[in-house]
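Asker: You'll find protein-v7.txt just under this line, and it carries compact mmCIF, C-alpha atoms.
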# COMPACT_ATOMS: atom_id res chain seq x y z
CA MET A 1 16.70 -0.59 4.25
CA SER A 2 16.14 -1.47 0.64
CA GLY A 3 12.51 -2.11 -0.19
CA HIS A 4 12.81 -3.90 -3.51
CA GLY A 5 15.08 -5.86 -5.78
CA HIS A 6 16.06 -8.50 -3.24
CA SER A 7 17.17 -11.93 -4.33
CA PHE A 8 16.20 -12.71 -0.74
CA ALA A 9 13.28 -11.23 1.18
CA ASN A 10 14.00 -7.88 2.85
CA PRO A 11 16.23 -8.68 5.86
CA GLY A 12 15.93 -5.19 7.40
CA PRO A 13 13.33 -6.12 10.02
CA ALA A 14 15.60 -8.79 11.52
CA GLY A 15 18.44 -6.28 11.71
CA LEU A 16 16.16 -3.77 13.42
CA VAL A 17 15.08 -6.37 16.00
CA ALA A 18 18.76 -7.06 16.75
CA LEU A 19 19.36 -3.32 17.05
CA ALA A 20 16.37 -2.95 19.41
CA MET A 21 17.68 -5.80 21.58
CA ALA A 22 21.03 -4.03 21.87
CA CYS A 23 19.36 -0.68 22.56
CA PHE A 24 17.16 -2.16 25.30
CA THR A 25 20.03 -3.95 27.05
CA PHE A 26 22.13 -0.78 26.97
CA PHE A 27 19.15 1.17 28.28
CA ALA A 28 18.96 -1.29 31.19
CA ILE A 29 22.65 -1.00 32.08
CA GLN A 30 22.91 2.75 31.50
CA THR A 31 19.89 3.58 33.64
CA GLY A 32 20.80 1.24 36.50
CA ARG A 33 18.08 -1.34 35.91
CA ILE A 34 20.76 -4.05 35.80
CA THR A 35 24.26 -4.10 37.27
CA SER A 36 27.73 -4.88 35.94
CA ASP A 37 27.05 -8.48 36.97
CA ALA A 38 25.00 -8.68 33.74
CA LEU A 39 27.85 -7.58 31.44
CA GLY A 40 28.90 -11.12 30.47
CA LEU A 41 25.37 -12.15 29.54
CA MET A 42 24.81 -8.88 27.75
CA GLY A 43 27.92 -9.59 25.70
CA VAL A 44 26.52 -12.95 24.63
CA TRP A 45 23.27 -11.32 23.49
CA LEU A 46 25.22 -8.77 21.45
CA ILE A 47 27.23 -11.50 19.75
CA GLY A 48 23.89 -13.05 18.75
CA GLY A 49 22.92 -9.67 17.31
CA PHE A 50 26.16 -9.67 15.31
CA VAL A 51 25.09 -12.84 13.48
CA VAL A 52 21.80 -11.25 12.45
CA GLN A 53 23.21 -7.85 11.51
CA ILE A 54 26.15 -9.14 9.46
CA ALA A 55 23.73 -11.22 7.37
CA VAL A 56 21.43 -8.21 6.95
CA GLY A 57 24.31 -5.91 6.04
CA LEU A 58 25.73 -8.24 3.41
CA ILE A 59 22.33 -8.87 1.81
CA GLU A 60 21.57 -5.13 1.76
CA LEU A 61 24.96 -4.42 0.14
CA LYS A 62 24.39 -7.17 -2.43
CA ASP A 63 21.06 -5.58 -3.28
CA GLY A 64 22.62 -2.17 -3.82
CA ASN A 65 21.56 -0.45 -0.59
CA SER A 66 24.78 1.36 0.22
CA THR A 67 23.45 3.26 3.25
CA GLY A 68 21.66 0.44 5.06
CA GLY A 69 24.17 -2.19 4.04
CA ASN A 70 27.15 -0.24 5.29
CA VAL A 71 25.46 0.85 8.52
CA PHE A 72 24.29 -2.70 9.34
CA THR A 73 27.74 -4.06 8.50
CA PHE A 74 29.66 -1.66 10.71
CA PHE A 75 27.05 -1.92 13.47
CA SER A 76 27.33 -5.71 13.30
CA ALA A 77 31.09 -5.56 13.72
CA PHE A 78 31.46 -2.83 16.30
CA PHE A 79 28.13 -2.26 18.05
CA MET A 80 27.51 -6.01 18.30
CA LEU A 81 30.59 -8.27 18.01
CA VAL A 82 33.33 -6.03 19.39
CA THR A 83 31.10 -4.57 22.10
CA GLY A 84 29.83 -8.05 23.02
CA LEU A 85 33.37 -9.38 23.41
CA ASN A 86 34.37 -6.15 25.15
CA LEU A 87 31.62 -6.55 27.75
CA ILE A 88 32.55 -10.18 28.41
CA PHE A 89 36.17 -9.09 28.88
CA LYS A 90 35.15 -6.22 31.17
CA TYR A 91 33.01 -8.58 33.24
CA PHE A 92 36.04 -10.79 33.91
CA ALA A 93 38.26 -7.73 34.48
CA ILE A 94 35.85 -6.46 37.14
CA LYS A 95 35.56 -9.87 38.80
CA ASN A 96 39.34 -10.43 38.81
CA GLY A 97 40.47 -6.89 39.60
CA TRP A 98 42.36 -6.46 36.32
CA LYS A 99 43.45 -2.90 35.61
CA ILE A 100 42.44 -1.82 32.10
CA ASP A 101 42.37 1.54 30.35
CA ALA A 102 38.92 1.51 28.77
CA ARG A 103 39.36 4.98 27.29
CA VAL A 104 40.40 3.19 24.10
CA ASP A 105 36.67 2.48 23.67
CA GLY A 106 36.02 6.21 23.43
CA TRP A 107 38.64 6.62 20.72
CA ALA A 108 37.09 3.77 18.74
CA TRP A 109 33.60 5.19 19.23
CA LEU A 110 34.87 8.57 18.00
CA ALA A 111 35.23 7.08 14.51
CA LEU A 112 31.90 5.21 14.70
CA SER A 113 29.95 8.21 16.01
CA SER A 114 31.52 10.45 13.38
CA ALA A 115 30.62 8.02 10.59
CA LEU A 116 27.02 7.72 11.75
CA THR A 117 26.74 11.50 12.00
CA LEU A 118 28.23 12.07 8.55
CA TRP A 119 25.97 9.40 7.02
CA THR A 120 22.77 10.59 8.71
CA PRO A 121 21.72 12.93 5.85
CA ALA A 122 21.29 9.82 3.66
CA TYR A 123 18.49 8.74 6.01
CA PHE A 124 16.42 11.79 5.07
CA LYS A 125 15.65 9.72 1.95
CA SER A 126 14.32 6.87 4.14
CA PRO A 127 10.92 6.45 5.78
CA LYS A 128 10.51 8.84 8.71
CA THR A 129 10.41 6.05 11.31
CA LEU A 130 13.80 4.75 10.12
CA LEU A 131 15.19 8.29 10.23
CA ALA A 132 13.86 8.51 13.80
CA VAL A 133 15.91 5.43 14.73
CA VAL A 134 19.09 7.10 13.51
CA LEU A 135 18.28 10.48 15.06
CA ALA A 136 17.70 8.82 18.44
CA LEU A 137 20.97 6.87 18.12
CA LEU A 138 23.08 9.94 17.40
CA PRO A 139 23.04 11.57 20.86
CA ALA A 140 23.43 8.14 22.46
CA VAL A 141 26.62 7.26 20.58
CA TRP A 142 28.14 10.70 21.20
CA ILE A 143 27.41 10.45 24.92
CA VAL A 144 29.08 7.03 25.00
CA THR A 145 32.04 8.40 23.03
CA PHE A 146 32.67 11.39 25.28
CA THR A 147 32.05 9.59 28.57
CA ASP A 148 34.39 6.75 27.52
CA LEU A 149 37.01 9.35 26.62
CA GLY A 150 36.57 10.89 30.07
CA VAL A 151 35.47 14.25 28.61
CA TRP A 152 31.92 14.12 29.99
CA PRO A 153 30.89 12.91 33.45
CA LYS A 154 29.28 9.49 33.86
CA SER A 155 26.18 11.30 35.15
CA VAL A 156 25.07 11.92 31.53
CA VAL A 157 25.06 8.20 30.66
CA PRO A 158 21.35 7.70 31.55
CA ILE A 159 20.47 10.21 28.81
CA SER A 160 22.17 7.88 26.35
CA GLY A 161 20.13 5.00 27.75
CA TRP A 162 16.85 6.81 27.16
CA CYS A 163 17.89 7.75 23.61
CA LEU A 164 18.67 4.09 22.94
CA PHE A 165 15.33 3.03 24.41
CA ILE A 166 13.57 5.39 21.98
CA ALA A 167 15.70 4.18 19.05
CA GLY A 168 14.86 0.58 19.93
CA TRP A 169 11.12 1.21 19.86
CA PHE A 170 11.33 3.07 16.53
CA GLY A 171 13.38 0.15 15.18
CA LEU A 172 10.81 -2.41 16.31
CA TYR A 173 7.97 -0.35 14.86
CA THR A 174 9.75 0.10 11.52
CA GLY A 175 10.58 -3.62 11.33
CA ALA A 176 6.98 -4.53 12.14
CA ALA A 177 5.75 -2.10 9.47
CA VAL A 178 7.95 -3.73 6.82
CA ILE A 179 6.77 -7.22 7.81
CA LEU A 180 3.05 -6.39 8.04
CA ASN A 181 2.90 -4.03 5.06
CA THR A 182 4.69 -6.60 2.91
CA ALA A 183 2.52 -9.49 4.10
CA TYR A 184 -0.73 -7.63 3.40
CA GLY A 185 0.43 -5.73 0.33
CA LYS A 186 -0.81 -2.44 1.76
CA THR A 187 -0.02 0.00 4.54
CA ILE A 188 -0.94 -1.52 7.88
CA LEU A 189 1.59 0.48 9.89
CA PRO A 190 2.60 3.79 8.31
CA THR A 191 6.28 4.72 8.32
CA GLY A 192 6.00 8.22 6.88
CA LYS A 193 7.24 9.33 3.50
CA PRO A 194 10.90 10.41 3.32
CA PHE A 195 11.64 14.10 3.78
CA ILE A 196 13.65 13.96 0.56
CA GLN A 197 12.38 11.88 -2.37
Output the file's structure in the form of structure tokens.

Answerer:
Amino acid sequence: MSGHGHSFANPGPAGLVALAMACFTFFAIQTGRITSDALGLMGVWLIGGFVVQIAVGLIELKDGNSTGGNVFTFFSAFFMLVTGLNLIFKYFAIKNGWKIDARVDGWAWLALSSALTLWTPAYFKSPKTLLAVVLALLPAVWIVTFTDLGVWPKSVVPISGWCLFIAGWFGLYTGAAVILNTAYGKTILPTGKPFIQ
């Protein structure tokens, strides 16, 4: 997230709320708190998250934040829009008995997980709570990748859910810190100085 130089106010908190919403809904499905009957509705929520995250990504890129802008942009497209449409499709496939080979999701997530992993060192220059979001996301996306590819058993999926739950809370906290610290012009909620200045 860029912290200055915006022609708009910092949009990062809205993007982090959208990310938290996605993380919490995936936590619910991956830990059995909701069933596949919720996939269609979950898809709609993710498409809503796409609208928020694409706006955030484009504003961040315009303001010169290459890391946050690119991550929000690719998350908006793939974590939100594609996954939202994918879940709606899978809901109808389940209900209608359509045979699909969903392993293609794993191959797509292989690129996304690799990109997030390779870009993670850039977040060591971000506040520690934002780095925590990314570090909690990493095992989650790799678990999704390898289970979708059929390499790992589905029994590891709840671990991904818990990682996403943690990432969501760090995202909400970081977003709240940006909002409150900006509104009051001082540190209300600390985010921790970056490991690398």

Asker: Grab the CA of Val52 in chain A to CA of Ala111 in chain A distance for me, in Å with one decimal place.

Answerer: 22.8 Å

Asker: Using CA of Trp169 in chain A and CA of Gly69 in chain A as the two end points, give the distance in Å to one decimal.

Answerer: 20.8 Å

Asker: Of the candidates A:Thr145, A:Val151, A:Thr73, A:Thr129, which one gets nearest to Leu172 in chain A if we count all atoms listed in the file?

Answerer: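 Of the candidates, the smallest distance to Leu172 in chain A is held by A:Thr129.
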
Asker: Please report the interatomic distance between CA of Pro13 in chain A and CA of Gly57 in chain A in Å with one decimal.

Answerer: 11.7 Å

Asker: Restricting the calculation to only C-alpha atoms, which member of A:Ala20, A:Ile143, A:Leu61, A:Leu189 is positioned closest to Ser155 in chain A?

Answerer: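 Checking each of A:Ala20, A:Ile143, A:Leu61, A:Leu189 against Ser155 in chain A, counting only C-alpha atoms, the winner is A:Ile143.
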
Asker: Which of these residues is nearest to Lys90 in chain A, using only C-alpha atoms: A:Asp37, A:Trp45, A:Leu110, A:Ala136?

Answerer: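 Ranking A:Asp37, A:Trp45, A:Leu110, A:Ala136 by distance to Lys90 in chain A, first place goes to A:Asp37.
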
Asker: Give me the residues within 10 Å of Phe146 in chain A as a list in words, counting all atoms listed in the file and dropping any in the same chain fewer than 5 places off.

Answerer: Arg103, Asp105, Gly106, Trp107, Trp109, Leu110, Val141, Val151, Trp152, Pro153, Lys154, Val156 and Val157 of chain A

Asker: Please produce a file of the residues just selected, as a PDB file, in the coordinates of the input, where the atoms kept are C-alpha atoms.

Answerer:
ATOM      1  CA  ARG A 103      39.360   4.980  27.290  1.00  0.00           C
ATOM      2  CA  ASP A 105      36.670   2.480  23.670  1.00  0.00           C
ATOM      3  CA  GLY A 106      36.020   6.210  23.430  1.00  0.00           C
ATOM      4  CA  TRP A 107      38.640   6.620  20.720  1.00  0.00           C
ATOM      5  CA  TRP A 109      33.600   5.190  19.230  1.00  0.00           C
ATOM      6  CA  LEU A 110      34.870   8.570  18.000  1.00  0.00           C
ATOM      7  CA  VAL A 141      26.620   7.260  20.580  1.00  0.00           C
ATOM      8  CA  VAL A 151      35.470  14.250  28.610  1.00  0.00           C
ATOM      9  CA  TRP A 152      31.920  14.120  29.990  1.00  0.00           C
ATOM     10  CA  PRO A 153      30.890  12.910  33.450  1.00  0.00           C
ATOM     11  CA  LYS A 154      29.280   9.490  33.860  1.00  0.00           C
ATOM     12  CA  VAL A 156      25.070  11.920  31.530  1.00  0.00           C
ATOM     13  CA  VAL A 157      25.060   8.200  30.660  1.00  0.00           C
TER      14      VAL A 157
END

Asker: Using all atoms listed in the file, collect all residues at a distance of at most 9 Å from (20.4, -4.6, 23.8) as written in the file, then present them as an MDAnalysis selection string.

Answerer: chainID A and resid 18:28 42 45:46 49 164 168

Asker: Nearest residue to Ile94 in chain A out of A:Lys128, A:Leu137, A:Ile166, A:Thr35, using only C-alpha atoms?

Answerer: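 Among the listed residues, the smallest separation from Ile94 in chain A belongs to A:Thr35.
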
Asker: Please put the answer as AutoDock Vina command-line options: centre and edge lengths, in Å with one decimal, of a box along x, y and z that encloses all listed atoms of range 50-65 of chain A plus 4 Å on each side.

Answerer:
--center_x 23.6 --center_y -6.6 --center_z 5.7 --size_x 13.1 --size_y 20.4 --size_z 27.1

Asker: Of the residues A:Phe75, A:Trp162, A:Tyr123, A:Trp98, which is the one nearest to Ile29 in chain A, using all atoms listed in the file?

Answerer: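 Looking only at the distances to Ile29 in chain A, the closest residue turns out to be A:Trp162.
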
Asker: Looking at A:Ala14, A:Ile54, A:Ile179, A:Ile59, which one is nearest to Phe79 in chain A, with distances taken over all atoms listed in the file?

Answerer: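 Checking each of A:Ala14, A:Ile54, A:Ile179, A:Ile59 against Phe79 in chain A, counting all atoms listed in the file, the winner is A:Ile54.
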
Asker: Could you write range 130-152 of chain A of the block just shown to a file containing N, CA, C and O atoms, as a PDB file, in the first residue's frame?

Answerer:
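Wrote it out as result-v3.pdb, contents follow:
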ATOM      1  N   LEU A 130       1.199  -5.679   7.308  1.00  0.00           N
ATOM      2  CA  LEU A 130       0.918  -5.986   5.899  1.00  0.00           C
ATOM      3  C   LEU A 130       1.763  -7.180   5.446  1.00  0.00           C
ATOM      4  O   LEU A 130       1.276  -8.053   4.727  1.00  0.00           O
ATOM      5  N   LEU A 131       3.005  -7.236   5.893  1.00  0.00           N
ATOM      6  CA  LEU A 131       3.845  -8.405   5.614  1.00  0.00           C
ATOM      7  C   LEU A 131       3.183  -9.664   6.190  1.00  0.00           C
ATOM      8  O   LEU A 131       3.187 -10.712   5.547  1.00  0.00           O
ATOM      9  N   ALA A 132       2.593  -9.547   7.372  1.00  0.00           N
ATOM     10  CA  ALA A 132       1.927 -10.705   7.995  1.00  0.00           C
ATOM     11  C   ALA A 132       0.774 -11.207   7.132  1.00  0.00           C
ATOM     12  O   ALA A 132       0.541 -12.421   7.052  1.00  0.00           O
ATOM     13  N   VAL A 133       0.047 -10.290   6.486  1.00  0.00           N
ATOM     14  CA  VAL A 133      -1.025 -10.702   5.577  1.00  0.00           C
ATOM     15  C   VAL A 133      -0.452 -11.613   4.491  1.00  0.00           C
ATOM     16  O   VAL A 133      -0.969 -12.703   4.236  1.00  0.00           O
ATOM     17  N   VAL A 134       0.613 -11.156   3.861  1.00  0.00           N
ATOM     18  CA  VAL A 134       1.204 -11.897   2.752  1.00  0.00           C
ATOM     19  C   VAL A 134       1.790 -13.227   3.229  1.00  0.00           C
ATOM     20  O   VAL A 134       1.606 -14.267   2.583  1.00  0.00           O
ATOM     21  N   LEU A 135       2.468 -13.212   4.375  1.00  0.00           N
ATOM     22  CA  LEU A 135       3.067 -14.454   4.883  1.00  0.00           C
ATOM     23  C   LEU A 135       2.009 -15.483   5.273  1.00  0.00           C
ATOM     24  O   LEU A 135       2.253 -16.685   5.155  1.00  0.00           O
ATOM     25  N   ALA A 136       0.847 -15.028   5.710  1.00  0.00           N
ATOM     26  CA  ALA A 136      -0.247 -15.970   6.005  1.00  0.00           C
ATOM     27  C   ALA A 136      -0.897 -16.481   4.723  1.00  0.00           C
ATOM     28  O   ALA A 136      -1.366 -17.618   4.670  1.00  0.00           O
ATOM     29  N   LEU A 137      -0.915 -15.645   3.677  1.00  0.00           N
ATOM     30  CA  LEU A 137      -1.497 -16.069   2.397  1.00  0.00           C
ATOM     31  C   LEU A 137      -0.656 -17.127   1.687  1.00  0.00           C
ATOM     32  O   LEU A 137      -1.200 -18.011   1.019  1.00  0.00           O
ATOM     33  N   LEU A 138       0.654 -17.034   1.832  1.00  0.00           N
ATOM     34  CA  LEU A 138       1.542 -17.924   1.074  1.00  0.00           C
ATOM     35  C   LEU A 138       1.246 -19.412   1.263  1.00  0.00           C
ATOM     36  O   LEU A 138       1.049 -20.125   0.272  1.00  0.00           O
ATOM     37  N   PRO A 139       1.211 -19.929   2.506  1.00  0.00           N
ATOM     38  CA  PRO A 139       0.917 -21.364   2.616  1.00  0.00           C
ATOM     39  C   PRO A 139      -0.475 -21.699   2.107  1.00  0.00           C
ATOM     40  O   PRO A 139      -0.694 -22.767   1.531  1.00  0.00           O
ATOM     41  N   ALA A 140      -1.418 -20.772   2.279  1.00  0.00           N
ATOM     42  CA  ALA A 140      -2.792 -21.024   1.829  1.00  0.00           C
ATOM     43  C   ALA A 140      -2.843 -21.217   0.321  1.00  0.00           C
ATOM     44  O   ALA A 140      -3.464 -22.169  -0.169  1.00  0.00           O
ATOM     45  N   VAL A 141      -2.200 -20.325  -0.431  1.00  0.00           N
ATOM     46  CA  VAL A 141      -2.282 -20.440  -1.895  1.00  0.00           C
ATOM     47  C   VAL A 141      -1.537 -21.667  -2.410  1.00  0.00           C
ATOM     48  O   VAL A 141      -1.959 -22.286  -3.382  1.00  0.00           O
ATOM     49  N   TRP A 142      -0.440 -22.044  -1.729  1.00  0.00           N
ATOM     50  CA  TRP A 142       0.274 -23.253  -2.162  1.00  0.00           C
ATOM     51  C   TRP A 142      -0.523 -24.517  -1.854  1.00  0.00           C
ATOM     52  O   TRP A 142      -0.523 -25.469  -2.638  1.00  0.00           O
ATOM     53  N   ILE A 143      -1.225 -24.521  -0.735  1.00  0.00           N
ATOM     54  CA  ILE A 143      -2.080 -25.679  -0.421  1.00  0.00           C
ATOM     55  C   ILE A 143      -3.180 -25.805  -1.465  1.00  0.00           C
ATOM     56  O   ILE A 143      -3.456 -26.899  -1.974  1.00  0.00           O
ATOM     57  N   VAL A 144      -3.807 -24.688  -1.810  1.00  0.00           N
ATOM     58  CA  VAL A 144      -4.851 -24.705  -2.842  1.00  0.00           C
ATOM     59  C   VAL A 144      -4.265 -25.200  -4.160  1.00  0.00           C
ATOM     60  O   VAL A 144      -4.857 -26.038  -4.847  1.00  0.00           O
ATOM     61  N   THR A 145      -3.107 -24.688  -4.518  1.00  0.00           N
ATOM     62  CA  THR A 145      -2.458 -25.090  -5.773  1.00  0.00           C
ATOM     63  C   THR A 145      -2.251 -26.595  -5.834  1.00  0.00           C
ATOM     64  O   THR A 145      -2.666 -27.267  -6.793  1.00  0.00           O
ATOM     65  N   PHE A 146      -1.603 -27.141  -4.810  1.00  0.00           N
ATOM     66  CA  PHE A 146      -1.235 -28.561  -4.852  1.00  0.00           C
ATOM     67  C   PHE A 146      -2.416 -29.500  -4.624  1.00  0.00           C
ATOM     68  O   PHE A 146      -2.421 -30.612  -5.155  1.00  0.00           O
ATOM     69  N   THR A 147      -3.435 -29.055  -3.887  1.00  0.00           N
ATOM     70  CA  THR A 147      -4.615 -29.920  -3.759  1.00  0.00           C
ATOM     71  C   THR A 147      -5.427 -29.892  -5.045  1.00  0.00           C
ATOM     72  O   THR A 147      -5.950 -30.923  -5.472  1.00  0.00           O
ATOM     73  N   ASP A 148      -5.524 -28.712  -5.695  1.00  0.00           N
ATOM     74  CA  ASP A 148      -6.241 -28.649  -6.978  1.00  0.00           C
ATOM     75  C   ASP A 148      -5.530 -29.470  -8.053  1.00  0.00           C
ATOM     76  O   ASP A 148      -6.170 -30.045  -8.931  1.00  0.00           O
ATOM     77  N   LEU A 149      -4.213 -29.517  -7.985  1.00  0.00           N
ATOM     78  CA  LEU A 149      -3.454 -30.330  -8.942  1.00  0.00           C
ATOM     79  C   LEU A 149      -3.549 -31.818  -8.643  1.00  0.00           C
ATOM     80  O   LEU A 149      -3.171 -32.644  -9.463  1.00  0.00           O
ATOM     81  N   GLY A 150      -4.050 -32.164  -7.461  1.00  0.00           N
ATOM     82  CA  GLY A 150      -4.166 -33.559  -7.070  1.00  0.00           C
ATOM     83  C   GLY A 150      -2.878 -34.124  -6.479  1.00  0.00           C
ATOM     84  O   GLY A 150      -2.756 -35.323  -6.278  1.00  0.00           O
ATOM     85  N   VAL A 151      -1.916 -33.248  -6.167  1.00  0.00           N
ATOM     86  CA  VAL A 151      -0.634 -33.676  -5.607  1.00  0.00           C
ATOM     87  C   VAL A 151      -0.762 -33.941  -4.104  1.00  0.00           C
ATOM     88  O   VAL A 151      -0.171 -34.871  -3.584  1.00  0.00           O
ATOM     89  N   TRP A 152      -1.506 -33.082  -3.419  1.00  0.00           N
ATOM     90  CA  TRP A 152      -1.704 -33.224  -1.979  1.00  0.00           C
ATOM     91  C   TRP A 152      -3.132 -33.672  -1.713  1.00  0.00           C
ATOM     92  O   TRP A 152      -4.056 -33.324  -2.463  1.00  0.00           O
TER      93      TRP A 152
END
